Amino acid sequence: MALSATLLAAASLAKANATALGVCMFLLLIIYLIVTYARLSHVPGPFLASFTNLVRLRWVLTRKAQYVHIDLHKRYGQLVRIGPNVVSVGDPAEIQQIYGLTGHFIKSAFYPVLQPHAKGAAMPGLFNTQDEDLHRVMKKPIASIYSMTNLVSFESYVNSTMSVFFKELDRRFAETAEICDLGVWLQRFAFDVIGEITFSRRLGFLEGAQDVDGIMHSIWHHFEKAAPVGQVCWVDKLWNKNRMLAWLWPPPTSPIVRFATERADERKAKSPMEDSDLNNRDFLSRFIEAKSKDDKVPDWALTAWTTSNILAGSDTTAILLRTILYNLLRYPATMHQLQQELQEAADKGELSTDAVTWSEAKDLPFLDACIKEAGRLHPPFGLQLERVVPPEGAVICGKPFKAGTIVGINAWVAHRDESVFGSNASIWDPSRWLCEDEGQRKTMERSLLTVSPRKPVFSRYG
Ligand code: HEM
């Protein structure tokens with residue numbers, strides 16, 4: 001009797017404890033939700049997004065996140081809370097504060113997600129490191145290589161790839177009347193150009209009409225995976241970049257790094273004597289020279305630099321080219337206007353060859369306008385370029401933000417701002433860049449997050 005009473009008392013005590021624990025946990029959860037919500041309660045946005053990043057993950061999984069972001073800004077205004085600690089900024093006037101050289105907004109944890117693996121560990125590069133000191137060490141010796149003066153010296157290599165491109169199009173399509181997927185061919189062209197300027201070697205995307213070593217597919221797969229994982233970065237830390245797991249099961253070297261390393265090895269194995277076509281001032285030669293002059297640069301920098309060119313330079317260029325061609329074909333009046341501009345320049349003897357040079361292109365306003373308009377209308381990246389509010393906090397679009405808040409501008413949103421680009425901001429209209437009002441033109445240029453032909457990316461982004 002006494003035993004059963006004791007057991008009953010113990011059971012009811014356990015039940016009371018469990019209830020108390022449940023109540024405590026519930027209260028803790030409520031407090032957590034209130035604190036999480038309060039952090040950015042002054043910023044409007046979808047209610048659920050205040051509590052979980054799964055909402056923005058879902059948008060990315062639709063593969064149309066850029067359109068979701070545009071709609072959100074139409075609904076909520078220039079600031080939209082898209083995660084518990086993440087704010088999307090729509091106002092292009094904030095570009096300078098968030099991305100300018102004078103600001104101290106470092107890259108968010110989204111960027112390491114973009115680091116490929118090499119020799120069992122994540123390999124940081126210029127584009128995807130959060131470490132400002134490493135970025136400085138890696139960038140200083142090579143920044144001048146990306147200056148416009150230097151880039152122009154690559155022009156003849158781009159031209160030689162261009163003549164192969166036209167020859168292949170003539171041979172395979174113009175002469176046979178076969179249908180050409182110009183998008184794919186422009187992508188092959190962009191990859192061969194990057195190969196030519198980085199390793200002095202056209203890699204055979206055009207001549208072979210192929211995806212050499214599956215690299216296009218690998219880059220697609222890399223970004224396809226990184227975009228959603230970047231919305232919930234802890235998954236990457238836990239699974240992909242976990243040192244313990246990497247020690248137990250070393251991750252394989254990324255095909256992108258392997259590709260860059262193999263091309264660099266092939267290129268280094270050649271001497272100018274062996275190959276008369278070798279451009280001994282290609283990126284790789286200049287990287288090797290830059291590294292030899294600076295002891296602070298780590299050994300793996302060469303691989304990181306060449307990989308950066310492939311990862312950051314090939315698809316971006318291909319997307320821009322595709323956008324230009326697509327819209328010129330879709331809007332024949334603009335194609336006609338461009339052809340007319342080129343013809344007039346040729347008739348006046350202002351063009352030296354069929355391939356318009358950089359210095360000649362600068363004086364062709366409609367061509368310049370088409371390039372800017374393509375970068376505006378279809379930026380190669382569809383998500384916010386995330387940055388972290390510095391320790392002193394910041395005021396963005398008139399609202400205060402605490403240190404550590406993640407903020408970012410999606411170029412797709414900023415580039416459609418009607419107060420800057422006019423009521424036709426969502427359509428192709430290169431003539432907007434020819435407007436007489438210089439102040440307006442400058443405001444539009446400052447509102448571009450893509451590279452403008454007059455502003456190479458290295459001068460814009462620290
Ligand atoms: C239309 C073509 C291109 C566009 C629109 C573009 C755009 C950009 C943007 C917006 C950034 C900054 C990204 C961020 O802060 O999150 C960037 C960085 C970078 N881009 Fe490009 N890019 C293009 C072509 C290229 C090419 C051809 C190369 C190399 C040959 C290249 C190499 C890089 C590198 C190395 C960085 C990192 C710079 C740094 O962090 O200091 N890009 N690009």
# chains A, B, ... in the order shown; residues from 1 in each chain; ligands from 1
>>> residues_near_ligand(ligand="ligand 1", cutoff="8 Å", atoms="only C-alpha atoms and all ligand atoms", output="PyMOL selection string")
chain A and resi 99+107+111+125-129+135+139+146+194+198+305+308-321+375+379-381+385-386+449-451+457-458+461-462
>>> select_by_dssp(residues="stretch 145-258 of chain A", states="helix (DSSP H, G or I)", output="PyMOL selection string")
chain A and resi 145-146+148-152+155-174+182-199+212-229+233-240+243-248+255-258
>>> atom_distance(atom1="atom CA of A:Gly100", atom2="atom CA of A:Val152")
24.9 Å
>>> residues_around(residues="A:Gly183", least_positions_apart="3", cutoff="10 Å", atoms="only C-alpha atoms", output="JSON, numbers by chain")
{"A": [180, 186, 187, 188, 189, 318, 319, 321, 322, 323, 325, 326]}
>>> residues_around(residues="stretch 389-405 of chain A", least_positions_apart="3", cutoff="7 Å", atoms="only C-alpha atoms", output="list in words")
Asn85, Val86, Glu94, His104 and Phe105 of chain A
>>> write_last_selection(atoms="all heavy atoms", output="JSON list (two decimals), in the first residue's frame")
[["chain", "number", "residue", "atom", "x", "y", "z"],
["A", 85, "ASN", "N", 17.44, 37.97, -39.43],
["A", 85, "ASN", "CA", 18.48, 38.99, -39.28],
["A", 85, "ASN", "C", 18.91, 39.55, -40.65],
["A", 85, "ASN", "O", 20.03, 40.01, -40.81],
["A", 85, "ASN", "CB", 19.69, 38.37, -38.56],
["A", 85, "ASN", "CG", 20.69, 39.42, -38.16],
["A", 85, "ASN", "OD1", 20.34, 40.55, -37.82],
["A", 85, "ASN", "ND2", 21.97, 39.07, -38.22],
["A", 86, "VAL", "N", 18.02, 39.43, -41.64],
["A", 86, "VAL", "CA", 18.43, 39.79, -43.00],
["A", 86, "VAL", "C", 17.45, 40.80, -43.61],
["A", 86, "VAL", "O", 16.24, 40.59, -43.57],
["A", 86, "VAL", "CB", 18.48, 38.54, -43.92],
["A", 86, "VAL", "CG1", 19.13, 38.89, -45.26],
["A", 86, "VAL", "CG2", 19.21, 37.41, -43.25],
["A", 94, "GLU", "N", 21.74, 53.62, -51.77],
["A", 94, "GLU", "CA", 22.50, 53.02, -50.67],
["A", 94, "GLU", "C", 23.70, 52.19, -51.16],
["A", 94, "GLU", "O", 24.44, 51.62, -50.36],
["A", 94, "GLU", "CB", 21.58, 52.15, -49.80],
["A", 94, "GLU", "CG", 20.49, 52.92, -49.08],
["A", 94, "GLU", "CD", 21.03, 53.89, -48.01],
["A", 94, "GLU", "OE1", 22.22, 53.83, -47.69],
["A", 94, "GLU", "OE2", 20.23, 54.74, -47.55],
["A", 104, "HIS", "N", 32.53, 50.01, -44.28],
["A", 104, "HIS", "CA", 33.18, 48.88, -43.59],
["A", 104, "HIS", "C", 32.23, 47.71, -43.48],
["A", 104, "HIS", "O", 32.20, 47.01, -42.48],
["A", 104, "HIS", "CB", 33.62, 49.33, -42.20],
["A", 104, "HIS", "CG", 34.55, 50.50, -42.24],
["A", 104, "HIS", "ND1", 34.16, 51.77, -41.93],
["A", 104, "HIS", "CD2", 35.83, 50.58, -42.64],
["A", 104, "HIS", "CE1", 35.17, 52.59, -42.10],
["A", 104, "HIS", "NE2", 36.20, 51.91, -42.53],
["A", 105, "PHE", "N", 31.43, 47.54, -44.48],
["A", 105, "PHE", "CA", 30.47, 46.43, -44.46],
["A", 105, "PHE", "C", 31.18, 45.19, -45.03],
["A", 105, "PHE", "O", 31.45, 45.13, -46.22],
["A", 105, "PHE", "CB", 29.27, 46.77, -45.35],
["A", 105, "PHE", "CG", 28.35, 47.82, -44.80],
["A", 105, "PHE", "CD1", 28.78, 49.12, -44.59],
["A", 105, "PHE", "CD2", 27.02, 47.52, -44.51],
["A", 105, "PHE", "CE1", 27.92, 50.10, -44.09],
["A", 105, "PHE", "CE2", 26.15, 48.48, -44.02],
["A", 105, "PHE", "CZ", 26.60, 49.77, -43.81]]
>>> select_by_dssp(residues="stretch 276-419 of chain A", states="strand (DSSP E or B)", output="PyMOL selection string")
chain A and resi 385-388+394-396+399-401+406-409
>>> atom_distance(atom1="atom CA of A:Leu206", atom2="atom CA of A:Ser285")
24.1 Å
>>> residues_around(residues="stretch 72-78 of chain A", least_positions_apart="6", cutoff="6 Å", atoms="only C-alpha atoms", output="ChimeraX atom specification")
/A:89-91
>>> closest_atom_pairs(of="stretch 152-265 of chain A", to="stretch 55-70 of chain A", cutoff="8 Å", atoms="only C-alpha atoms", output="Markdown table")
| residue | atom | partner | partner_atom | distance |
| --- | --- | --- | --- | --- |
| A:Ala227 | CA | A:Val60 | CA | 6.9 |
| A:Pro228 | CA | A:Leu57 | CA | 5.6 |
| A:Val229 | CA | A:Leu57 | CA | 7.8 |
| A:Gln231 | CA | A:Leu57 | CA | 5.5 |
| A:Val232 | CA | A:Leu57 | CA | 7.2 |
>>> write_last_selection(atoms="all heavy atoms", output="PDB file, in the first residue's frame")
ATOM      1  N   ALA A 227      23.433  28.551 -53.939  1.00  0.00           N
ATOM      2  CA  ALA A 227      22.389  29.584 -53.774  1.00  0.00           C
ATOM      3  C   ALA A 227      21.415  29.213 -52.642  1.00  0.00           C
ATOM      4  O   ALA A 227      21.236  30.009 -51.714  1.00  0.00           O
ATOM      5  CB  ALA A 227      21.658  29.830 -55.088  1.00  0.00           C
ATOM      6  N   PRO A 228      20.820  28.015 -52.649  1.00  0.00           N
ATOM      7  CA  PRO A 228      19.931  27.701 -51.520  1.00  0.00           C
ATOM      8  C   PRO A 228      20.678  27.510 -50.203  1.00  0.00           C
ATOM      9  O   PRO A 228      20.231  28.008 -49.166  1.00  0.00           O
ATOM     10  CB  PRO A 228      19.233  26.404 -51.952  1.00  0.00           C
ATOM     11  CG  PRO A 228      19.977  25.879 -53.118  1.00  0.00           C
ATOM     12  CD  PRO A 228      20.757  27.005 -53.710  1.00  0.00           C
ATOM     13  N   VAL A 229      21.828  26.821 -50.249  1.00  0.00           N
ATOM     14  CA  VAL A 229      22.551  26.580 -48.989  1.00  0.00           C
ATOM     15  C   VAL A 229      22.965  27.924 -48.362  1.00  0.00           C
ATOM     16  O   VAL A 229      22.967  28.078 -47.138  1.00  0.00           O
ATOM     17  CB  VAL A 229      23.791  25.669 -49.227  1.00  0.00           C
ATOM     18  CG1 VAL A 229      24.615  25.528 -47.968  1.00  0.00           C
ATOM     19  CG2 VAL A 229      23.338  24.290 -49.706  1.00  0.00           C
ATOM     20  N   GLN A 231      21.319  30.468 -48.022  1.00  0.00           N
ATOM     21  CA  GLN A 231      20.228  31.086 -47.259  1.00  0.00           C
ATOM     22  C   GLN A 231      20.187  30.534 -45.834  1.00  0.00           C
ATOM     23  O   GLN A 231      19.567  31.112 -44.954  1.00  0.00           O
ATOM     24  CB  GLN A 231      18.857  30.840 -47.935  1.00  0.00           C
ATOM     25  CG  GLN A 231      18.814  31.137 -49.427  1.00  0.00           C
ATOM     26  CD  GLN A 231      19.296  32.528 -49.754  1.00  0.00           C
ATOM     27  OE1 GLN A 231      18.755  33.505 -49.264  1.00  0.00           O
ATOM     28  NE2 GLN A 231      20.353  32.620 -50.568  1.00  0.00           N
ATOM     29  N   VAL A 232      20.798  29.371 -45.668  1.00  0.00           N
ATOM     30  CA  VAL A 232      20.849  28.732 -44.333  1.00  0.00           C
ATOM     31  C   VAL A 232      22.303  28.284 -44.135  1.00  0.00           C
ATOM     32  O   VAL A 232      22.607  27.087 -44.136  1.00  0.00           O
ATOM     33  CB  VAL A 232      19.866  27.529 -44.242  1.00  0.00           C
ATOM     34  CG1 VAL A 232      18.461  27.975 -43.965  1.00  0.00           C
ATOM     35  CG2 VAL A 232      19.869  26.689 -45.524  1.00  0.00           C
TER      36      VAL A 232
END
>>> residues_around(residues="A:Ser50", least_positions_apart="6", cutoff="6 Å", atoms="only C-alpha atoms", output="number ranges by chain")
A: 37, 83-84
>>> atom_distance(atom1="atom CA of A:Leu434", atom2="atom CA of A:Leu383")
28.5 Å
>>> closest_residue(among="A:Ala121, A:Ala355, A:Ala304, A:Val113", to="A:Trp247", atoms="only C-alpha atoms")
A:Ala121
>>> closest_residue(among="A:Ile406, A:Leu328, A:Val413, A:Ala177", to="A:Ala374", atoms="only C-alpha atoms")
A:Leu328
>>> closest_residue(among="A:Phe199, A:Phe366, A:Phe154, A:Trp249", to="A:Phe287", atoms="only C-alpha atoms")
A:Phe199
>>> decode(residues="stretch 370-399 of chain A", atoms="N, CA and C atoms", output="compact mmCIF listing (two decimals), in the first residue's frame")
# COMPACT_ATOMS: atom_id res chain seq x y z
N CYS A 370 23.82 49.84 -75.06
CA CYS A 370 23.28 48.46 -75.10
C CYS A 370 23.96 47.60 -74.02
N ILE A 371 25.27 47.81 -73.83
CA ILE A 371 25.99 47.02 -72.82
C ILE A 371 25.47 47.37 -71.42
N LYS A 372 25.33 48.66 -71.17
CA LYS A 372 24.83 49.08 -69.84
C LYS A 372 23.40 48.57 -69.62
N GLU A 373 22.60 48.68 -70.67
CA GLU A 373 21.19 48.28 -70.53
C GLU A 373 21.08 46.77 -70.23
N ALA A 374 21.96 45.98 -70.86
CA ALA A 374 21.93 44.53 -70.61
C ALA A 374 22.32 44.25 -69.15
N GLY A 375 23.36 44.93 -68.67
CA GLY A 375 23.78 44.74 -67.27
C GLY A 375 22.71 45.21 -66.31
N ARG A 376 21.94 46.19 -66.73
CA ARG A 376 20.88 46.71 -65.87
C ARG A 376 19.69 45.74 -65.83
N LEU A 377 19.26 45.32 -67.02
CA LEU A 377 18.01 44.57 -67.10
C LEU A 377 18.15 43.11 -66.64
N HIS A 378 19.32 42.54 -66.91
CA HIS A 378 19.50 41.13 -66.55
C HIS A 378 20.88 40.93 -65.90
N PRO A 379 21.02 41.42 -64.64
CA PRO A 379 22.31 41.25 -63.96
C PRO A 379 22.62 39.77 -63.81
N PRO A 380 23.89 39.37 -63.91
CA PRO A 380 24.22 37.95 -63.86
C PRO A 380 23.94 37.28 -62.50
N PHE A 381 23.73 38.06 -61.44
CA PHE A 381 23.49 37.43 -60.13
C PHE A 381 22.11 37.84 -59.65
N GLY A 382 21.31 36.88 -59.20
CA GLY A 382 19.90 37.13 -58.90
C GLY A 382 19.57 37.29 -57.43
N LEU A 383 20.62 37.28 -56.56
CA LEU A 383 20.36 37.40 -55.13
C LEU A 383 21.05 38.66 -54.59
N GLN A 384 20.72 39.03 -53.36
CA GLN A 384 21.40 40.18 -52.75
C GLN A 384 22.89 39.87 -52.61
N LEU A 385 23.74 40.89 -52.79
CA LEU A 385 25.16 40.73 -52.47
C LEU A 385 25.25 41.12 -50.99
N GLU A 386 25.27 40.09 -50.13
CA GLU A 386 25.07 40.35 -48.70
C GLU A 386 26.30 40.94 -48.01
N ARG A 387 26.03 41.90 -47.14
CA ARG A 387 27.07 42.51 -46.32
C ARG A 387 26.59 42.59 -44.88
N VAL A 388 27.56 42.76 -43.93
CA VAL A 388 27.22 42.81 -42.51
C VAL A 388 27.39 44.25 -42.01
N VAL A 389 26.38 44.74 -41.29
CA VAL A 389 26.46 46.11 -40.75
C VAL A 389 27.64 46.17 -39.76
N PRO A 390 28.52 47.18 -39.91
CA PRO A 390 29.73 47.26 -39.08
C PRO A 390 29.43 47.55 -37.61
N PRO A 391 30.44 47.40 -36.73
CA PRO A 391 30.21 47.55 -35.28
C PRO A 391 29.55 48.86 -34.88
N GLU A 392 29.79 49.93 -35.63
CA GLU A 392 29.20 51.22 -35.23
C GLU A 392 27.73 51.33 -35.64
N GLY A 393 27.17 50.32 -36.30
CA GLY A 393 25.78 50.36 -36.76
C GLY A 393 25.67 51.21 -38.02
N ALA A 394 24.45 51.34 -38.54
CA ALA A 394 24.29 52.13 -39.77
C ALA A 394 22.85 52.62 -39.88
N VAL A 395 22.70 53.70 -40.63
CA VAL A 395 21.35 54.17 -40.94
C VAL A 395 21.16 53.94 -42.44
N ILE A 396 20.18 53.10 -42.78
CA ILE A 396 19.95 52.77 -44.18
C ILE A 396 18.50 53.13 -44.53
N CYS A 397 18.33 53.87 -45.59
CA CYS A 397 17.01 54.38 -45.99
C CYS A 397 16.31 55.04 -44.79
N GLY A 398 17.08 55.74 -43.99
CA GLY A 398 16.53 56.49 -42.86
C GLY A 398 16.23 55.67 -41.62
N LYS A 399 16.52 54.35 -41.67
CA LYS A 399 16.23 53.53 -40.48
C LYS A 399 17.52 53.00 -39.86
